[in-house]
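To keep things clear, I will list the structure first and then write my remarks on it.
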Protein chains: 2
Amino acid sequence: MTIDTTLDLVLERMVDVPPELVWMAWTQPEHVKKWFTPAPWTTIECEIDLRPGGLFRTVMSSPEGEKHPNFGCYLDIVPNRRLVWTDALEAGFRPSRHTAHLGFRFTAAILLEPHGAGTKYVAHVMHSDKEYRDKHETMGFFDGWGTATDQLMAHARTLRV
Amino acid sequence: MTIDTTLDLVLERMVDVPPELVWMAWTQPEHVKKWFTPAPWTTIECEIDLRPGGLFRTVMSSPEGEKHPNFGCYLDIVPNRRLVWTDALEAGFRPSRHTAHLGFRFTAAILLEPHGAGTKYVAHVMHSDKEYRDKHETMGFFDGWGTATDQLMAHARTLRV
C-alpha cells in the first residue's frame with residue numbers, strides 16, 4: 001500500500017508482541033472487546049466475519065450508556081500480516097446505508113511485520129480528501145488510536161497462540 | 001452473494017458465448033472500449049488493474065464530445081466466474097473522492113456460470129437504499145445495461161481464447 005501523506009494518517013510502533021498475537025487480538029470478537037475503545041468507553045458488542053466482503057461490526061458505549069454502532073466491510077485479509085476494512089461498504093461489499101459518524105468514510109489497513117521477537121505495527125488510515133484527514137487528526141486520531149493501541153498490546157501480551 | 005430485491009437490480013441472461021470470452025470482454029481494456037457504452041455514446045478510455053484494490057477507470061463520451069469519467073475499485077475477482085467492483089472506493093481501497101455521477105454509489109457483481117456451450121450471465125447491482133435502487137431503475141438501468149449486454153455478447157462472439 002502506498003501512503004499519501006496529504007490524505008492518510010499513520011500510526012507506527014515497534015512492539016514486543018509477535019504478529020500472531022496482535023492478529024488474534026484484532027480478529028477475534030472476545031479479544032477486540034477487551035481493548036478496541038479507549039477507556040472509559042467500552043466495546044460492548046463485536047461481530048467479525050473474517051473474509052473479504054465480511055462484516056466487521058462493533059458497538060461502543062460511553063460510561064453513561066450512550067451507544068455508537070459501527071459497521072464495516074473487510075476487503076483484504078492476509079493472516080498475521082494485513083487486515084484491511086472500510087466503513088464505506090457494509091457486508092457483501094454493498095455501499096453503506098449507515099451514517100458516517102465521523103462525517104466522512106475511511107479505509108483502515110493494519111500491517112504487521114515480524115521484527116525480532118516482536119512486530120513492526122502500522123495502522124494506515126486512508127481518507128478521500130485532505131479536509132477529512134485533517135479533521136480526523138484534529139478530532140484526536142493519534143491520541144485515540146494511540147491509547148487503543150496501548151490497550152491492544154497490553155491485552156495481546158496476555159494471549160497464547 | 002445474496003440478492004436483496006428491495007435494494008438490488010439484477011439483469012440475467014442465458015447467452016451462447018462461453019464464460020471465458022465474456023470474461024475477456026469484461027477485463028481487457030481494448031475489448032471493454034468496444035461495447036461498454038450504449039451507442040451512440042462511446043468508451044474512449046479504459047484502464048484496468050485486475051486485482052482486489054485495483055483501478056477500473058473508464059471515460060464515456062457523448063456524440064458531441066461531452067466526457068464522463070468513472071472511477072471504480074475491484075473487490076473480488078475469480079477468473080471466468082466473478083468480477084466485483086464499486087465506485088464507493090477508488091484504487092487502493094481508498095474512499096472515493098470522485099463525484100457520484102448517478103447521485104449514489106453502487107457495487108456491481110458480474111457472475112458467470114457455464115450453461116451448456118454458453119453462459120448464465122448475471123449482472124447484480126447493489127445499492128445502499130431502496131430510494132437509489134428505484135432511482136437507478138427509473139434512470140433506465142434495464143435499457144442501458146441491456147443494450148450494453150447485447151453489445152458485449154456481439155463483441156465477445158468475435159473473440160477467441
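By order of appearance in the C-alpha cells: chains A, B, ..., then residues from 1 within every chain, and ligands from 1 in the order shown.
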Chain B least-squares fitted onto chain A over all paired C-alpha atoms, as a PDB file with C-alpha atoms, in the first residue's frame:
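Listing of result_2.pdb after writing:
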ATOM      1  CA  MET B   1       0.014   0.010  -0.031  1.00  0.00           C
ATOM      2  CA  THR B   2       1.246   3.481  -0.850  1.00  0.00           C
ATOM      3  CA  ILE B   3       1.000   6.118   1.873  1.00  0.00           C
ATOM      4  CA  ASP B   4      -0.196   9.524   0.711  1.00  0.00           C
ATOM      5  CA  THR B   5       0.795  11.929   3.506  1.00  0.00           C
ATOM      6  CA  THR B   6      -1.750  14.529   2.415  1.00  0.00           C
ATOM      7  CA  LEU B   7      -4.653  12.064   2.707  1.00  0.00           C
ATOM      8  CA  ASP B   8      -3.568   9.442   5.240  1.00  0.00           C
ATOM      9  CA  LEU B   9      -2.929   9.152   8.968  1.00  0.00           C
ATOM     10  CA  VAL B  10      -0.327   6.617  10.020  1.00  0.00           C
ATOM     11  CA  LEU B  11       0.490   5.290  13.464  1.00  0.00           C
ATOM     12  CA  GLU B  12       3.656   3.174  13.606  1.00  0.00           C
ATOM     13  CA  ARG B  13       5.074   1.279  16.589  1.00  0.00           C
ATOM     14  CA  MET B  14       7.720  -1.299  17.313  1.00  0.00           C
ATOM     15  CA  VAL B  15       6.147  -3.624  19.862  1.00  0.00           C
ATOM     16  CA  ASP B  16       7.401  -6.628  21.847  1.00  0.00           C
ATOM     17  CA  VAL B  17       4.402  -8.790  20.888  1.00  0.00           C
ATOM     18  CA  PRO B  18       4.643 -11.263  17.980  1.00  0.00           C
ATOM     19  CA  PRO B  19       2.402 -10.716  14.903  1.00  0.00           C
ATOM     20  CA  GLU B  20       0.346 -13.854  15.666  1.00  0.00           C
ATOM     21  CA  LEU B  21      -0.898 -12.431  18.992  1.00  0.00           C
ATOM     22  CA  VAL B  22      -1.599  -8.977  17.567  1.00  0.00           C
ATOM     23  CA  TRP B  23      -3.590 -10.715  14.816  1.00  0.00           C
ATOM     24  CA  MET B  24      -5.621 -12.699  17.379  1.00  0.00           C
ATOM     25  CA  ALA B  25      -6.402  -9.521  19.297  1.00  0.00           C
ATOM     26  CA  TRP B  26      -7.651  -7.817  16.090  1.00  0.00           C
ATOM     27  CA  THR B  27      -9.684 -10.695  14.642  1.00  0.00           C
ATOM     28  CA  GLN B  28     -11.504 -12.467  17.493  1.00  0.00           C
ATOM     29  CA  PRO B  29     -14.521 -10.640  18.967  1.00  0.00           C
ATOM     30  CA  GLU B  30     -13.847 -11.656  22.576  1.00  0.00           C
ATOM     31  CA  HIS B  31     -10.406 -10.050  22.315  1.00  0.00           C
ATOM     32  CA  VAL B  32     -11.465  -6.962  20.357  1.00  0.00           C
ATOM     33  CA  LYS B  33     -13.982  -6.165  23.101  1.00  0.00           C
ATOM     34  CA  LYS B  34     -11.123  -6.002  25.625  1.00  0.00           C
ATOM     35  CA  TRP B  35      -9.123  -3.211  24.014  1.00  0.00           C
ATOM     36  CA  PHE B  36     -10.838  -1.571  20.997  1.00  0.00           C
ATOM     37  CA  THR B  37     -12.231   1.561  22.688  1.00  0.00           C
ATOM     38  CA  PRO B  38     -10.152   4.002  24.772  1.00  0.00           C
ATOM     39  CA  ALA B  39     -11.337   3.768  28.401  1.00  0.00           C
ATOM     40  CA  PRO B  40     -13.682   4.784  29.978  1.00  0.00           C
ATOM     41  CA  TRP B  41     -15.657   3.943  26.795  1.00  0.00           C
ATOM     42  CA  THR B  42     -16.144   0.214  26.225  1.00  0.00           C
ATOM     43  CA  THR B  43     -16.842  -2.055  23.262  1.00  0.00           C
ATOM     44  CA  ILE B  44     -19.948  -3.961  24.270  1.00  0.00           C
ATOM     45  CA  GLU B  45     -20.587  -5.848  21.014  1.00  0.00           C
ATOM     46  CA  CYS B  46     -18.323  -7.133  18.258  1.00  0.00           C
ATOM     47  CA  GLU B  47     -19.110  -9.270  15.236  1.00  0.00           C
ATOM     48  CA  ILE B  48     -16.444 -10.449  12.793  1.00  0.00           C
ATOM     49  CA  ASP B  49     -16.885 -12.394   9.548  1.00  0.00           C
ATOM     50  CA  LEU B  50     -13.232 -12.687   8.591  1.00  0.00           C
ATOM     51  CA  ARG B  51     -13.261 -12.797   4.777  1.00  0.00           C
ATOM     52  CA  PRO B  52     -13.300 -10.201   1.999  1.00  0.00           C
ATOM     53  CA  GLY B  53     -16.869  -8.880   1.936  1.00  0.00           C
ATOM     54  CA  GLY B  54     -17.429  -9.992   5.546  1.00  0.00           C
ATOM     55  CA  LEU B  55     -18.927  -7.844   8.279  1.00  0.00           C
ATOM     56  CA  PHE B  56     -16.891  -6.048  10.959  1.00  0.00           C
ATOM     57  CA  ARG B  57     -19.389  -4.597  13.441  1.00  0.00           C
ATOM     58  CA  THR B  58     -18.799  -3.039  16.844  1.00  0.00           C
ATOM     59  CA  VAL B  59     -20.909  -1.141  19.342  1.00  0.00           C
ATOM     60  CA  MET B  60     -19.105   1.314  21.598  1.00  0.00           C
ATOM     61  CA  SER B  61     -20.671   2.560  24.809  1.00  0.00           C
ATOM     62  CA  SER B  62     -19.946   5.647  26.889  1.00  0.00           C
ATOM     63  CA  PRO B  63     -19.823   5.331  30.699  1.00  0.00           C
ATOM     64  CA  GLU B  64     -23.369   6.829  30.667  1.00  0.00           C
ATOM     65  CA  GLY B  65     -24.583   4.126  28.265  1.00  0.00           C
ATOM     66  CA  GLU B  66     -24.630   6.193  25.042  1.00  0.00           C
ATOM     67  CA  LYS B  67     -24.153   3.704  22.213  1.00  0.00           C
ATOM     68  CA  HIS B  68     -22.263   4.152  18.930  1.00  0.00           C
ATOM     69  CA  PRO B  69     -22.659   1.335  16.402  1.00  0.00           C
ATOM     70  CA  ASN B  70     -20.012   0.940  13.685  1.00  0.00           C
ATOM     71  CA  PHE B  71     -20.368  -1.098  10.499  1.00  0.00           C
ATOM     72  CA  GLY B  72     -17.502  -2.044   8.219  1.00  0.00           C
ATOM     73  CA  CYS B  73     -16.622  -4.501   5.485  1.00  0.00           C
ATOM     74  CA  TYR B  74     -13.379  -6.475   5.275  1.00  0.00           C
ATOM     75  CA  LEU B  75     -11.518  -6.003   1.991  1.00  0.00           C
ATOM     76  CA  ASP B  76      -8.160  -7.727   2.222  1.00  0.00           C
ATOM     77  CA  ILE B  77      -7.016 -10.351   4.715  1.00  0.00           C
ATOM     78  CA  VAL B  78      -3.565 -11.918   4.928  1.00  0.00           C
ATOM     79  CA  PRO B  79      -3.379 -13.804   8.247  1.00  0.00           C
ATOM     80  CA  ASN B  80      -0.796 -12.364  10.668  1.00  0.00           C
ATOM     81  CA  ARG B  81       0.227  -9.693   8.140  1.00  0.00           C
ATOM     82  CA  ARG B  82      -2.542  -7.497   6.735  1.00  0.00           C
ATOM     83  CA  LEU B  83      -6.117  -6.623   7.694  1.00  0.00           C
ATOM     84  CA  VAL B  84      -8.001  -4.058   5.602  1.00  0.00           C
ATOM     85  CA  TRP B  85     -11.575  -2.840   6.019  1.00  0.00           C
ATOM     86  CA  THR B  86     -13.722   0.199   5.233  1.00  0.00           C
ATOM     87  CA  ASP B  87     -16.874   1.815   6.570  1.00  0.00           C
ATOM     88  CA  ALA B  88     -17.729   2.988   3.021  1.00  0.00           C
ATOM     89  CA  LEU B  89     -19.141  -0.513   2.438  1.00  0.00           C
ATOM     90  CA  GLU B  90     -21.156  -2.908   4.564  1.00  0.00           C
ATOM     91  CA  ALA B  91     -21.392  -6.700   4.470  1.00  0.00           C
ATOM     92  CA  GLY B  92     -21.341  -8.196   0.964  1.00  0.00           C
ATOM     93  CA  PHE B  93     -19.466  -5.125  -0.395  1.00  0.00           C
ATOM     94  CA  ARG B  94     -22.726  -3.119  -0.522  1.00  0.00           C
ATOM     95  CA  PRO B  95     -22.327   0.691  -0.294  1.00  0.00           C
ATOM     96  CA  SER B  96     -23.039   1.574   3.321  1.00  0.00           C
ATOM     97  CA  ARG B  97     -26.503   2.727   4.298  1.00  0.00           C
ATOM     98  CA  HIS B  98     -25.185   3.711   7.736  1.00  0.00           C
ATOM     99  CA  THR B  99     -24.443   7.273   8.783  1.00  0.00           C
ATOM    100  CA  ALA B 100     -20.782   8.227   8.645  1.00  0.00           C
ATOM    101  CA  HIS B 101     -20.426   9.091  12.353  1.00  0.00           C
ATOM    102  CA  LEU B 102     -17.138  10.898  11.802  1.00  0.00           C
ATOM    103  CA  GLY B 103     -18.630  12.947   8.964  1.00  0.00           C
ATOM    104  CA  PHE B 104     -16.560  11.047   6.401  1.00  0.00           C
ATOM    105  CA  ARG B 105     -15.674   7.491   5.344  1.00  0.00           C
ATOM    106  CA  PHE B 106     -12.332   5.822   5.876  1.00  0.00           C
ATOM    107  CA  THR B 107     -10.418   2.675   4.968  1.00  0.00           C
ATOM    108  CA  ALA B 108      -8.021   1.221   7.538  1.00  0.00           C
ATOM    109  CA  ALA B 109      -5.112  -1.149   6.937  1.00  0.00           C
ATOM    110  CA  ILE B 110      -3.375  -2.850   9.857  1.00  0.00           C
ATOM    111  CA  LEU B 111       0.054  -4.030   8.692  1.00  0.00           C
ATOM    112  CA  LEU B 112       2.178  -6.422  10.755  1.00  0.00           C
ATOM    113  CA  GLU B 113       5.798  -7.338  10.083  1.00  0.00           C
ATOM    114  CA  PRO B 114       7.923  -9.595  12.271  1.00  0.00           C
ATOM    115  CA  HIS B 115      10.619  -7.488  13.976  1.00  0.00           C
ATOM    116  CA  GLY B 116      12.951  -9.535  16.160  1.00  0.00           C
ATOM    117  CA  ALA B 117      10.708 -11.294  18.681  1.00  0.00           C
ATOM    118  CA  GLY B 118       8.084  -8.593  18.217  1.00  0.00           C
ATOM    119  CA  THR B 119       6.265  -6.696  15.490  1.00  0.00           C
ATOM    120  CA  LYS B 120       6.537  -3.586  13.399  1.00  0.00           C
ATOM    121  CA  TYR B 121       2.941  -2.395  13.741  1.00  0.00           C
ATOM    122  CA  VAL B 122       1.431   0.078  11.281  1.00  0.00           C
ATOM    123  CA  ALA B 123      -2.125   1.415  11.312  1.00  0.00           C
ATOM    124  CA  HIS B 124      -2.703   3.183   7.973  1.00  0.00           C
ATOM    125  CA  VAL B 125      -5.958   5.129   7.726  1.00  0.00           C
ATOM    126  CA  MET B 126      -6.994   6.451   4.305  1.00  0.00           C
ATOM    127  CA  HIS B 127      -9.336   9.350   3.570  1.00  0.00           C
ATOM    128  CA  SER B 128     -10.817  10.656   0.335  1.00  0.00           C
ATOM    129  CA  ASP B 129      -9.799  14.289   0.911  1.00  0.00           C
ATOM    130  CA  LYS B 130      -7.192  16.295   2.824  1.00  0.00           C
ATOM    131  CA  GLU B 131     -10.031  18.065   4.648  1.00  0.00           C
ATOM    132  CA  TYR B 132     -11.155  14.779   6.205  1.00  0.00           C
ATOM    133  CA  ARG B 133      -7.627  13.652   7.006  1.00  0.00           C
ATOM    134  CA  ASP B 134      -7.034  16.922   8.851  1.00  0.00           C
ATOM    135  CA  LYS B 135     -10.424  16.755  10.583  1.00  0.00           C
ATOM    136  CA  HIS B 136      -9.701  13.209  11.755  1.00  0.00           C
ATOM    137  CA  GLU B 137      -6.340  14.339  13.145  1.00  0.00           C
ATOM    138  CA  THR B 138      -7.951  17.304  14.933  1.00  0.00           C
ATOM    139  CA  MET B 139     -10.624  15.001  16.397  1.00  0.00           C
ATOM    140  CA  GLY B 140      -7.783  13.260  18.226  1.00  0.00           C
ATOM    141  CA  PHE B 141      -6.802  10.403  15.941  1.00  0.00           C
ATOM    142  CA  PHE B 142      -3.310   9.940  17.391  1.00  0.00           C
ATOM    143  CA  ASP B 143      -4.495  10.133  20.996  1.00  0.00           C
ATOM    144  CA  GLY B 144      -7.459   7.772  20.412  1.00  0.00           C
ATOM    145  CA  TRP B 145      -5.708   5.216  18.217  1.00  0.00           C
ATOM    146  CA  GLY B 146      -2.568   5.527  20.369  1.00  0.00           C
ATOM    147  CA  THR B 147      -4.465   4.707  23.574  1.00  0.00           C
ATOM    148  CA  ALA B 148      -6.328   1.856  21.865  1.00  0.00           C
ATOM    149  CA  THR B 149      -3.011   0.493  20.576  1.00  0.00           C
ATOM    150  CA  ASP B 150      -1.554   0.575  24.125  1.00  0.00           C
ATOM    151  CA  GLN B 151      -4.623  -1.366  25.299  1.00  0.00           C
ATOM    152  CA  LEU B 152      -4.316  -3.748  22.328  1.00  0.00           C
ATOM    153  CA  MET B 153      -0.706  -4.618  23.113  1.00  0.00           C
ATOM    154  CA  ALA B 154      -1.337  -4.961  26.870  1.00  0.00           C
ATOM    155  CA  HIS B 155      -4.133  -7.429  26.073  1.00  0.00           C
ATOM    156  CA  ALA B 156      -2.206  -9.273  23.324  1.00  0.00           C
ATOM    157  CA  ARG B 157       0.685  -9.826  25.776  1.00  0.00           C
ATOM    158  CA  THR B 158      -1.694 -11.960  27.883  1.00  0.00           C
ATOM    159  CA  LEU B 159      -2.598 -14.242  24.929  1.00  0.00           C
ATOM    160  CA  ARG B 160      -1.065 -17.510  23.751  1.00  0.00           C
ATOM    161  CA  VAL B 161      -1.347 -18.860  20.177  1.00  0.00           C
TER     162      VAL B 161
END
Per DSSP on the backbone, what are the strand (DSSP E) residues of stretch 5-125 of chain A, as a ChimeraX atom specification? /A:8-15,42-48,55-61,67-78,82-86,107-115,118-125
Got a sec to tell me which of stretch 4-161 of chain A DSSP assigns to helix (DSSP H, G or I), as a VMD selection string? chain A and resid 19 to 27 29 to 35 91 to 93 130 to 138 141 to 156
